[in-house]
>>> print(open('input03.cif').read())   # mmCIF, N, CA and C atoms
data_query
#
loop_
_atom_site.label_atom_id
_atom_site.label_comp_id
_atom_site.auth_asym_id
_atom_site.auth_seq_id
_atom_site.Cartn_x
_atom_site.Cartn_y
_atom_site.Cartn_z
N MET A 1 219.97 -1.30 -47.36
CA MET A 1 218.81 -0.83 -48.09
C MET A 1 217.66 -1.83 -47.98
N TYR A 2 217.97 -3.12 -48.20
CA TYR A 2 216.91 -4.13 -48.16
C TYR A 2 216.38 -4.31 -46.74
N LYS A 3 217.25 -4.14 -45.75
CA LYS A 3 216.80 -4.27 -44.37
C LYS A 3 215.81 -3.18 -44.03
N ASN A 4 216.06 -1.95 -44.51
CA ASN A 4 215.13 -0.86 -44.24
C ASN A 4 213.80 -1.09 -44.94
N LEU A 5 213.82 -1.60 -46.16
CA LEU A 5 212.56 -1.90 -46.85
C LEU A 5 211.78 -2.99 -46.14
N PHE A 6 212.48 -4.01 -45.68
CA PHE A 6 211.83 -5.07 -44.91
C PHE A 6 211.25 -4.53 -43.61
N GLY A 7 211.99 -3.64 -42.97
CA GLY A 7 211.51 -3.03 -41.73
C GLY A 7 210.27 -2.19 -41.95
N LEU A 8 210.25 -1.41 -43.02
CA LEU A 8 209.07 -0.60 -43.33
C LEU A 8 207.87 -1.47 -43.67
N PHE A 9 208.12 -2.55 -44.40
CA PHE A 9 207.03 -3.46 -44.75
C PHE A 9 206.44 -4.12 -43.51
N THR A 10 207.29 -4.52 -42.58
CA THR A 10 206.78 -5.16 -41.37
C THR A 10 206.05 -4.16 -40.47
N VAL A 11 206.50 -2.90 -40.45
CA VAL A 11 205.77 -1.88 -39.70
C VAL A 11 204.39 -1.66 -40.32
N LEU A 12 204.32 -1.63 -41.64
CA LEU A 12 203.04 -1.48 -42.32
C LEU A 12 202.11 -2.65 -41.99
N LEU A 13 202.64 -3.86 -42.01
CA LEU A 13 201.82 -5.02 -41.67
C LEU A 13 201.39 -4.98 -40.21
N GLY A 14 202.23 -4.47 -39.34
CA GLY A 14 201.86 -4.34 -37.94
C GLY A 14 200.72 -3.36 -37.73
N VAL A 15 200.75 -2.26 -38.46
CA VAL A 15 199.67 -1.27 -38.37
C VAL A 15 198.36 -1.87 -38.88
N VAL A 16 198.44 -2.61 -39.97
CA VAL A 16 197.25 -3.27 -40.51
C VAL A 16 196.69 -4.27 -39.50
N CYS A 17 197.57 -5.00 -38.83
CA CYS A 17 197.11 -5.98 -37.83
C CYS A 17 196.44 -5.30 -36.64
N VAL A 18 196.95 -4.16 -36.22
CA VAL A 18 196.33 -3.44 -35.11
C VAL A 18 194.94 -2.94 -35.53
N ILE A 19 194.82 -2.42 -36.73
CA ILE A 19 193.52 -1.95 -37.22
C ILE A 19 192.53 -3.11 -37.29
N LEU A 20 192.98 -4.24 -37.80
CA LEU A 20 192.09 -5.40 -37.88
C LEU A 20 191.74 -5.94 -36.50
N ALA A 21 192.64 -5.84 -35.55
CA ALA A 21 192.35 -6.28 -34.18
C ALA A 21 191.28 -5.39 -33.55
N ILE A 22 191.35 -4.10 -33.80
CA ILE A 22 190.34 -3.18 -33.27
C ILE A 22 188.97 -3.50 -33.88
N GLU A 23 188.94 -3.75 -35.17
CA GLU A 23 187.68 -4.12 -35.81
C GLU A 23 187.15 -5.45 -35.29
N SER A 24 188.03 -6.38 -35.01
CA SER A 24 187.60 -7.67 -34.46
C SER A 24 187.05 -7.51 -33.05
N LEU A 25 187.63 -6.62 -32.27
CA LEU A 25 187.11 -6.37 -30.93
C LEU A 25 185.73 -5.73 -30.97
N ARG A 26 185.52 -4.86 -31.95
CA ARG A 26 184.20 -4.23 -32.09
C ARG A 26 183.12 -5.25 -32.41
N LYS A 27 183.48 -6.28 -33.16
CA LYS A 27 182.52 -7.33 -33.52
C LYS A 27 182.50 -8.46 -32.50
N LYS A 28 183.21 -8.28 -31.37
CA LYS A 28 183.27 -9.25 -30.27
C LYS A 28 183.83 -10.60 -30.70
N ARG A 29 184.83 -10.56 -31.55
CA ARG A 29 185.56 -11.77 -31.93
C ARG A 29 186.93 -11.70 -31.27
N TYR A 30 186.94 -12.11 -30.01
CA TYR A 30 188.13 -11.89 -29.18
C TYR A 30 189.30 -12.79 -29.57
N GLY A 31 189.03 -14.00 -30.00
CA GLY A 31 190.11 -14.89 -30.41
C GLY A 31 190.84 -14.37 -31.62
N LEU A 32 190.09 -13.87 -32.59
CA LEU A 32 190.70 -13.30 -33.79
C LEU A 32 191.50 -12.04 -33.45
N ALA A 33 190.98 -11.25 -32.52
CA ALA A 33 191.69 -10.04 -32.11
C ALA A 33 193.01 -10.39 -31.43
N VAL A 34 193.03 -11.44 -30.63
CA VAL A 34 194.27 -11.86 -29.98
C VAL A 34 195.30 -12.31 -31.01
N VAL A 35 194.84 -13.04 -32.02
CA VAL A 35 195.76 -13.49 -33.08
C VAL A 35 196.35 -12.28 -33.81
N PHE A 36 195.53 -11.29 -34.13
CA PHE A 36 196.03 -10.10 -34.81
C PHE A 36 197.00 -9.31 -33.93
N LEU A 37 196.73 -9.23 -32.63
CA LEU A 37 197.63 -8.50 -31.74
C LEU A 37 198.96 -9.23 -31.57
N LEU A 38 198.93 -10.55 -31.51
CA LEU A 38 200.19 -11.30 -31.45
C LEU A 38 201.00 -11.13 -32.74
N ASN A 39 200.30 -11.10 -33.86
CA ASN A 39 200.98 -10.88 -35.13
C ASN A 39 201.57 -9.47 -35.20
N ALA A 40 200.87 -8.49 -34.67
CA ALA A 40 201.39 -7.12 -34.65
C ALA A 40 202.64 -7.04 -33.78
N PHE A 41 202.63 -7.73 -32.64
CA PHE A 41 203.82 -7.75 -31.78
C PHE A 41 204.99 -8.41 -32.48
N THR A 42 204.72 -9.51 -33.18
CA THR A 42 205.78 -10.19 -33.93
C THR A 42 206.35 -9.28 -35.02
N ASN A 43 205.48 -8.55 -35.70
CA ASN A 43 205.95 -7.61 -36.73
C ASN A 43 206.78 -6.49 -36.12
N LEU A 44 206.42 -6.06 -34.93
CA LEU A 44 207.21 -5.03 -34.25
C LEU A 44 208.61 -5.54 -33.95
N VAL A 45 208.71 -6.76 -33.45
CA VAL A 45 210.01 -7.35 -33.16
C VAL A 45 210.83 -7.52 -34.44
N ASN A 46 210.19 -7.96 -35.52
CA ASN A 46 210.91 -8.13 -36.78
C ASN A 46 211.37 -6.79 -37.35
N SER A 47 210.59 -5.75 -37.20
CA SER A 47 211.00 -4.45 -37.72
C SER A 47 212.17 -3.89 -36.92
N ILE A 48 212.17 -4.09 -35.59
CA ILE A 48 213.32 -3.66 -34.78
C ILE A 48 214.57 -4.42 -35.20
N HIS A 49 214.42 -5.71 -35.43
CA HIS A 49 215.56 -6.51 -35.87
C HIS A 49 216.05 -6.06 -37.24
N ALA A 50 215.15 -5.69 -38.14
CA ALA A 50 215.56 -5.27 -39.48
C ALA A 50 216.26 -3.92 -39.45
N PHE A 51 215.79 -2.99 -38.62
CA PHE A 51 216.39 -1.65 -38.58
C PHE A 51 217.74 -1.65 -37.88
N PHE A 52 217.84 -2.34 -36.76
CA PHE A 52 219.04 -2.23 -35.94
C PHE A 52 219.97 -3.43 -36.03
N GLY A 53 219.50 -4.52 -36.58
CA GLY A 53 220.35 -5.70 -36.74
C GLY A 53 220.47 -6.54 -35.49
N THR A 54 219.89 -6.09 -34.40
CA THR A 54 219.90 -6.84 -33.15
C THR A 54 218.58 -6.62 -32.44
N LEU A 55 218.24 -7.50 -31.54
CA LEU A 55 216.96 -7.36 -30.87
C LEU A 55 217.06 -6.55 -29.58
N PHE A 56 218.05 -6.86 -28.73
CA PHE A 56 218.13 -6.16 -27.46
C PHE A 56 219.53 -5.70 -27.18
#
>>> encode(input="input03.cif", output="structure tokens")
Amino acid sequence: MYKNLFGLFTVLLGVVCVILAIESLRKKRYGLAVVFLLNAFTNLVNSIHAFFGTLF
């Protein structure tokens, strides 16, 4: 149960990071956009790990 909640929370944070990265790209702040995209990728990996218990 807790793993699924953690997975949903990390997916939500990943979506927020993608939205913020798009907004950063519109304002031509490329460094900030890269940081948000890396964070979104990390959240994706963490959510896969939370749902399935393994990475690959």
>>> atom_distance(input="input03.cif", atom1="CA of Val11 (chain A)", atom2="atom C of Tyr30 (chain A)")
22.2 Å
>>> closest_residue(input="input03.cif", among="A:Val18, A:Leu25, A:Ala50, A:Leu13", to="Leu37 (chain A)", atoms="only N, CA and C atoms")
A:Val18
>>> atom_distance(input="input03.cif", atom1="CA of Val45 (chain A)", atom2="atom C of Arg26 (chain A)")
27.0 Å
>>> closest_residue(input="input03.cif", among="A:Lys28, A:Gly14, A:Ile22, A:Phe6", to="Phe41 (chain A)", atoms="all atoms listed in the file")
A:Gly14
>>> atom_distance(input="input03.cif", atom1="atom N of Ile19 (chain A)", atom2="atom N of Ala40 (chain A)")
8.8 Å
>>> closest_residue(input="input03.cif", among="A:Phe36, A:Ile48, A:Asn43, A:Gly7", to="Ala21 (chain A)", atoms="only C-alpha atoms")
A:Phe36
